[in-house]
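S.K.: Sharing a structure, written as structure tokens. Questions coming.
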Amino acid sequence: MTVENLEITCNWYLRVLGLKNAAFGEGRKALLLPSQKINLHKKGEEFEPHAKAPGVGSLDLCFLSKTPLAQVMEHLKSQRVEIVKGPIKRNGARGLITSIYIRDPDGNLLEISNSD
């Protein structure tokens with residue numbers, strides 16, 4: 001994921017979504033999920049290999065959460081994060097989900113969903 005500012009991104013994802021981050025070789029950073037990680041690239045300083053056309057704010061990601069959306073929405077409000085859309089019902093990869101949508105500091109669209 002290409003970002004404008006590594007520190008702002010890492011701090012936002014920790015504060016808003018509870019994602020820890022890791023630093024590793026040559027100043028690289030990543031956001032950590034239980035079974036995955038999202039590598040972070042600073043705009044203009046992307047490390048190899050990277051996306052064919054790296055750009056800030058071009059992602060549309062969905063995170064499945066076990067935390068009830070009402071509780072997620074309360075937390076987002078306390079963090080002054082605007083809900084762009086939702087809650088709405090959608091078809092997800094594993095069946096029916098209820099989702100809300102927010103944007104991170106770089107404008108990436110983030111969907112937070114509960115399985116129905």
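Letters A, B, ... mark the chains of the structure tokens in the order given; residue numbers begin at 1 per chain; ligand numbers begin at 1, in order shown.
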Give me the residues within 8 Å of Pro105 in chain A as a list in words, counting only C-alpha atoms and dropping any in the same chain fewer than 6 places off.

M.R.: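 The filter keeps Ile8, Thr9 and Trp12 of chain A.
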
S.K.: To test your reading of the structure, identify every residue in chain A that backbone DSSP assigns to strand (DSSP E), and report it as a PyMOL selection string.

M.R.: chain A and resi 2-3+20-24+28-32+37-42+60-64+85-92+95-103+109-115

S.K.: Report as a CSV table (one decimal) with all heavy atoms, in the first residue's frame all protein, DNA and RNA residues lying within 10 Å of Arg103 in chain A, evaluated on only C-alpha atoms, omitting residues in the same chain fewer than 2 positions from it.

M.R.:
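Result saved to part.csv:
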```csv
chain,number,residue,atom,x,y,z
A,57,GLY,N,-4.1,6.2,-2.2
A,57,GLY,CA,-5.5,6.3,-2.1
A,57,GLY,C,-6.3,5.5,-3.2
A,57,GLY,O,-7.4,5.8,-3.4
A,59,LEU,N,-6.8,2.1,-3.0
A,59,LEU,CA,-7.3,0.8,-2.6
A,59,LEU,C,-8.7,0.8,-2.1
A,59,LEU,O,-9.2,1.8,-1.6
A,59,LEU,CB,-6.4,0.3,-1.4
A,59,LEU,CG,-4.9,0.0,-1.7
A,59,LEU,CD1,-4.2,-0.4,-0.5
A,59,LEU,CD2,-4.8,-1.0,-2.8
A,60,ASP,N,-9.3,-0.4,-2.2
A,60,ASP,CA,-10.7,-0.6,-1.7
A,60,ASP,C,-10.5,-2.0,-0.9
A,60,ASP,O,-10.5,-3.0,-1.6
A,60,ASP,CB,-11.6,-0.7,-2.9
A,60,ASP,CG,-13.1,-1.0,-2.4
A,60,ASP,OD1,-13.3,-1.4,-1.3
A,60,ASP,OD2,-13.9,-0.8,-3.3
A,81,VAL,N,-13.7,9.7,13.0
A,81,VAL,CA,-13.6,9.1,11.7
A,81,VAL,C,-15.0,9.1,11.1
A,81,VAL,O,-15.9,8.5,11.7
A,81,VAL,CB,-13.0,7.7,11.7
A,81,VAL,CG1,-13.0,7.1,10.4
A,81,VAL,CG2,-11.6,7.8,12.3
A,82,GLU,N,-15.2,9.7,10.0
A,82,GLU,CA,-16.5,9.8,9.3
A,82,GLU,C,-16.9,8.5,8.7
A,82,GLU,O,-16.0,7.8,8.0
A,82,GLU,CB,-16.5,10.9,8.2
A,82,GLU,CG,-17.7,11.0,7.4
A,82,GLU,CD,-17.7,11.9,6.2
A,82,GLU,OE1,-16.6,12.5,6.0
A,82,GLU,OE2,-18.7,12.1,5.5
A,83,ILE,N,-18.1,8.0,8.8
A,83,ILE,CA,-18.6,6.9,8.1
A,83,ILE,C,-19.2,7.4,6.8
A,83,ILE,O,-20.1,8.2,6.8
A,83,ILE,CB,-19.7,6.2,9.0
A,83,ILE,CG1,-19.0,5.6,10.2
A,83,ILE,CG2,-20.3,5.0,8.1
A,83,ILE,CD1,-20.0,5.0,11.2
A,84,VAL,N,-18.6,6.9,5.7
A,84,VAL,CA,-18.9,7.4,4.4
A,84,VAL,C,-20.2,6.8,3.9
A,84,VAL,O,-21.0,7.4,3.3
A,84,VAL,CB,-17.8,7.0,3.4
A,84,VAL,CG1,-18.1,7.3,1.9
A,84,VAL,CG2,-16.5,7.6,3.8
A,101,TYR,N,-18.5,1.9,5.7
A,101,TYR,CA,-17.3,2.3,4.9
A,101,TYR,C,-16.7,3.6,5.5
A,101,TYR,O,-17.4,4.5,5.8
A,101,TYR,CB,-17.8,2.6,3.4
A,101,TYR,CG,-18.2,1.4,2.7
A,101,TYR,CD1,-19.6,0.9,2.8
A,101,TYR,CD2,-17.4,0.6,1.9
A,101,TYR,CE1,-20.0,-0.2,2.2
A,101,TYR,CE2,-17.8,-0.5,1.2
A,101,TYR,CZ,-19.1,-0.9,1.4
A,101,TYR,OH,-19.6,-2.0,0.7
A,105,PRO,N,-6.3,8.0,6.1
A,105,PRO,CA,-5.7,9.3,5.8
A,105,PRO,C,-5.3,9.6,4.4
A,105,PRO,O,-5.2,10.7,3.9
A,105,PRO,CB,-4.5,9.4,6.7
A,105,PRO,CG,-4.8,8.5,7.8
A,105,PRO,CD,-5.6,7.4,7.2
A,106,ASP,N,-5.1,8.5,3.6
A,106,ASP,CA,-4.7,8.6,2.2
A,106,ASP,C,-5.9,8.5,1.3
A,106,ASP,O,-5.7,8.6,0.0
A,106,ASP,CB,-3.6,7.6,1.8
A,106,ASP,CG,-2.3,7.9,2.5
A,106,ASP,OD1,-1.7,8.9,2.3
A,106,ASP,OD2,-1.8,7.0,3.3
A,107,GLY,N,-7.1,8.4,1.8
A,107,GLY,CA,-8.2,8.3,1.0
A,107,GLY,C,-8.6,6.9,0.5
A,107,GLY,O,-9.6,6.7,-0.2
A,108,ASN,N,-7.9,5.9,1.0
A,108,ASN,CA,-8.3,4.5,0.6
A,108,ASN,C,-9.6,4.2,1.3
A,108,ASN,O,-9.9,4.6,2.4
A,108,ASN,CB,-7.3,3.5,1.2
A,108,ASN,CG,-5.9,3.6,0.5
A,108,ASN,OD1,-5.8,3.5,-0.7
A,108,ASN,ND2,-4.9,3.9,1.3
A,109,LEU,N,-10.5,3.5,0.5
A,109,LEU,CA,-11.8,3.1,1.0
A,109,LEU,C,-11.7,1.8,1.8
A,109,LEU,O,-11.1,0.8,1.3
A,109,LEU,CB,-12.8,2.9,-0.2
A,109,LEU,CG,-14.2,2.6,0.2
A,109,LEU,CD1,-14.8,3.7,1.0
A,109,LEU,CD2,-15.0,2.2,-1.0
A,110,LEU,N,-12.2,1.8,3.1
A,110,LEU,CA,-12.1,0.7,3.9
A,110,LEU,C,-13.5,0.2,4.3
A,110,LEU,O,-14.3,1.0,4.8
A,110,LEU,CB,-11.3,1.0,5.2
A,110,LEU,CG,-9.9,1.5,5.0
A,110,LEU,CD1,-9.3,1.9,6.3
A,110,LEU,CD2,-9.0,0.6,4.2
A,111,GLU,N,-13.8,-1.0,4.1
A,111,GLU,CA,-15.1,-1.6,4.4
A,111,GLU,C,-14.9,-2.4,5.7
A,111,GLU,O,-14.0,-3.3,5.7
A,111,GLU,CB,-15.6,-2.5,3.2
A,111,GLU,CG,-16.9,-3.1,3.5
A,111,GLU,CD,-17.3,-4.0,2.3
A,111,GLU,OE1,-16.6,-4.1,1.3
A,111,GLU,OE2,-18.4,-4.6,2.4
```

S.K.: Per residue of range 59-116 of chain A within 12 Å of range 21-41 of chain A, which atom pair is closest and at what distance in Å (one decimal), using only C-alpha atoms, listed by chain and increasing number, as CSV?

M.R.:
```
residue,atom,partner,partner_atom,distance
A:Leu59,CA,A:Ile38,CA,11.7
A:Leu61,CA,A:Ile38,CA,10.9
A:Phe63,CA,A:Leu33,CA,9.9
A:Leu64,CA,A:Leu33,CA,11.2
A:Ser65,CA,A:Leu33,CA,11.5
```

S.K.: Check the DSSP output for the backbone and give back, as a list in words, the residues of chain A in helix (DSSP H, G or I).

M.R.: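 Across chain A, those assigned helix (DSSP H, G or I) are Leu6, Glu7, Ile8, Thr9, Cys10, Asn11, Trp12, Tyr13, Leu14, Arg15, Val16, Leu17, Leu69, Ala70, Gln71, Val72, Met73, Glu74, His75, Leu76, Lys77 and Ser78 of chain A.
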
S.K.: Which residue out of A:Ile100, A:Val16, A:Ala51, A:Cys10 has the minimum interatomic distance to Pro68 in chain A when only C-alpha atoms are used?

M.R.: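 Comparing A:Ile100, A:Val16, A:Ala51, A:Cys10 against Pro68 in chain A, the winner is A:Ile100.
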
S.K.: If you count only C-alpha atoms, which residues fall within 12 Å of Asn91 in chain A, apart from same-chain ones fewer than 2 positions away, as a PyMOL selection string?

M.R.: chain A and resi 62+88-89+93-99+113-116

S.K.: What would the file look like if the residues just selected were written as a PDB file, in the first residue's frame with N, CA and C atoms?

M.R.:
```pdb
ATOM      1  N   CYS A  62     -11.625  -4.700   2.335  1.00  0.00           N
ATOM      2  CA  CYS A  62     -12.692  -5.126   3.240  1.00  0.00           C
ATOM      3  C   CYS A  62     -12.066  -5.898   4.399  1.00  0.00           C
ATOM      4  N   ILE A  88     -24.944  -1.106   5.652  1.00  0.00           N
ATOM      5  CA  ILE A  88     -25.735  -1.669   4.564  1.00  0.00           C
ATOM      6  C   ILE A  88     -25.423  -3.150   4.413  1.00  0.00           C
ATOM      7  N   LYS A  89     -26.393  -3.889   3.905  1.00  0.00           N
ATOM      8  CA  LYS A  89     -26.196  -5.330   3.665  1.00  0.00           C
ATOM      9  C   LYS A  89     -25.608  -5.522   2.276  1.00  0.00           C
ATOM     10  N   ALA A  93     -17.508 -12.273   0.307  1.00  0.00           N
ATOM     11  CA  ALA A  93     -16.842 -13.483  -0.181  1.00  0.00           C
ATOM     12  C   ALA A  93     -17.375 -14.748   0.501  1.00  0.00           C
ATOM     13  N   ARG A  94     -17.889 -14.594   1.732  1.00  0.00           N
ATOM     14  CA  ARG A  94     -18.365 -15.752   2.492  1.00  0.00           C
ATOM     15  C   ARG A  94     -19.870 -15.728   2.723  1.00  0.00           C
ATOM     16  N   GLY A  95     -20.600 -14.893   1.984  1.00  0.00           N
ATOM     17  CA  GLY A  95     -22.041 -14.818   2.146  1.00  0.00           C
ATOM     18  C   GLY A  95     -22.482 -13.419   2.531  1.00  0.00           C
ATOM     19  N   LEU A  96     -23.683 -13.307   3.099  1.00  0.00           N
ATOM     20  CA  LEU A  96     -24.269 -12.018   3.441  1.00  0.00           C
ATOM     21  C   LEU A  96     -23.501 -11.346   4.576  1.00  0.00           C
ATOM     22  N   ILE A  97     -23.212 -10.056   4.389  1.00  0.00           N
ATOM     23  CA  ILE A  97     -22.510  -9.258   5.398  1.00  0.00           C
ATOM     24  C   ILE A  97     -23.221  -7.918   5.555  1.00  0.00           C
ATOM     25  N   THR A  98     -22.986  -7.285   6.687  1.00  0.00           N
ATOM     26  CA  THR A  98     -23.411  -5.909   6.900  1.00  0.00           C
ATOM     27  C   THR A  98     -22.145  -5.090   7.023  1.00  0.00           C
ATOM     28  N   SER A  99     -22.096  -3.968   6.281  1.00  0.00           N
ATOM     29  CA  SER A  99     -20.852  -3.209   6.158  1.00  0.00           C
ATOM     30  C   SER A  99     -21.038  -1.727   6.422  1.00  0.00           C
ATOM     31  N   SER A 113     -16.888  -5.078   8.070  1.00  0.00           N
ATOM     32  CA  SER A 113     -18.082  -5.905   7.907  1.00  0.00           C
ATOM     33  C   SER A 113     -18.244  -6.929   9.012  1.00  0.00           C
ATOM     34  N   ASN A 114     -19.495  -7.239   9.273  1.00  0.00           N
ATOM     35  CA  ASN A 114     -19.879  -8.368  10.127  1.00  0.00           C
ATOM     36  C   ASN A 114     -20.609  -9.384   9.264  1.00  0.00           C
ATOM     37  N   SER A 115     -20.343 -10.657   9.473  1.00  0.00           N
ATOM     38  CA  SER A 115     -21.103 -11.721   8.805  1.00  0.00           C
ATOM     39  C   SER A 115     -22.503 -11.751   9.396  1.00  0.00           C
ATOM     40  N   ASP A 116     -23.496 -11.968   8.539  1.00  0.00           N
ATOM     41  CA  ASP A 116     -24.890 -12.050   9.025  1.00  0.00           C
ATOM     42  C   ASP A 116     -25.271 -13.482   9.303  1.00  0.00           C
TER      43      ASP A 116
END
```

S.K.: As an exercise, work out the distance from CA of Leu17 in chain A to CA of Asn5 in chain A in Å and give it to one decimal place.

M.R.: 17.4 Å

S.K.: Quick one: pull the distance between CA of Leu76 in chain A and CA of Ile102 in chain A, Å, one decimal.

M.R.: 9.0 Å

S.K.: State, in Å with one decimal place, the distance from CA of Lys77 in chain A to CA of Arg90 in chain A.

M.R.: 22.6 Å

S.K.: Got a sec: who's within 12 Å of Ala53 in chain A, counting only C-alpha atoms, leaving out chain neighbours fewer than 3 positions off, as an MDAnalysis selection string?

M.R.: chainID A and resid 1:2 43:44 46 49:50 56 58
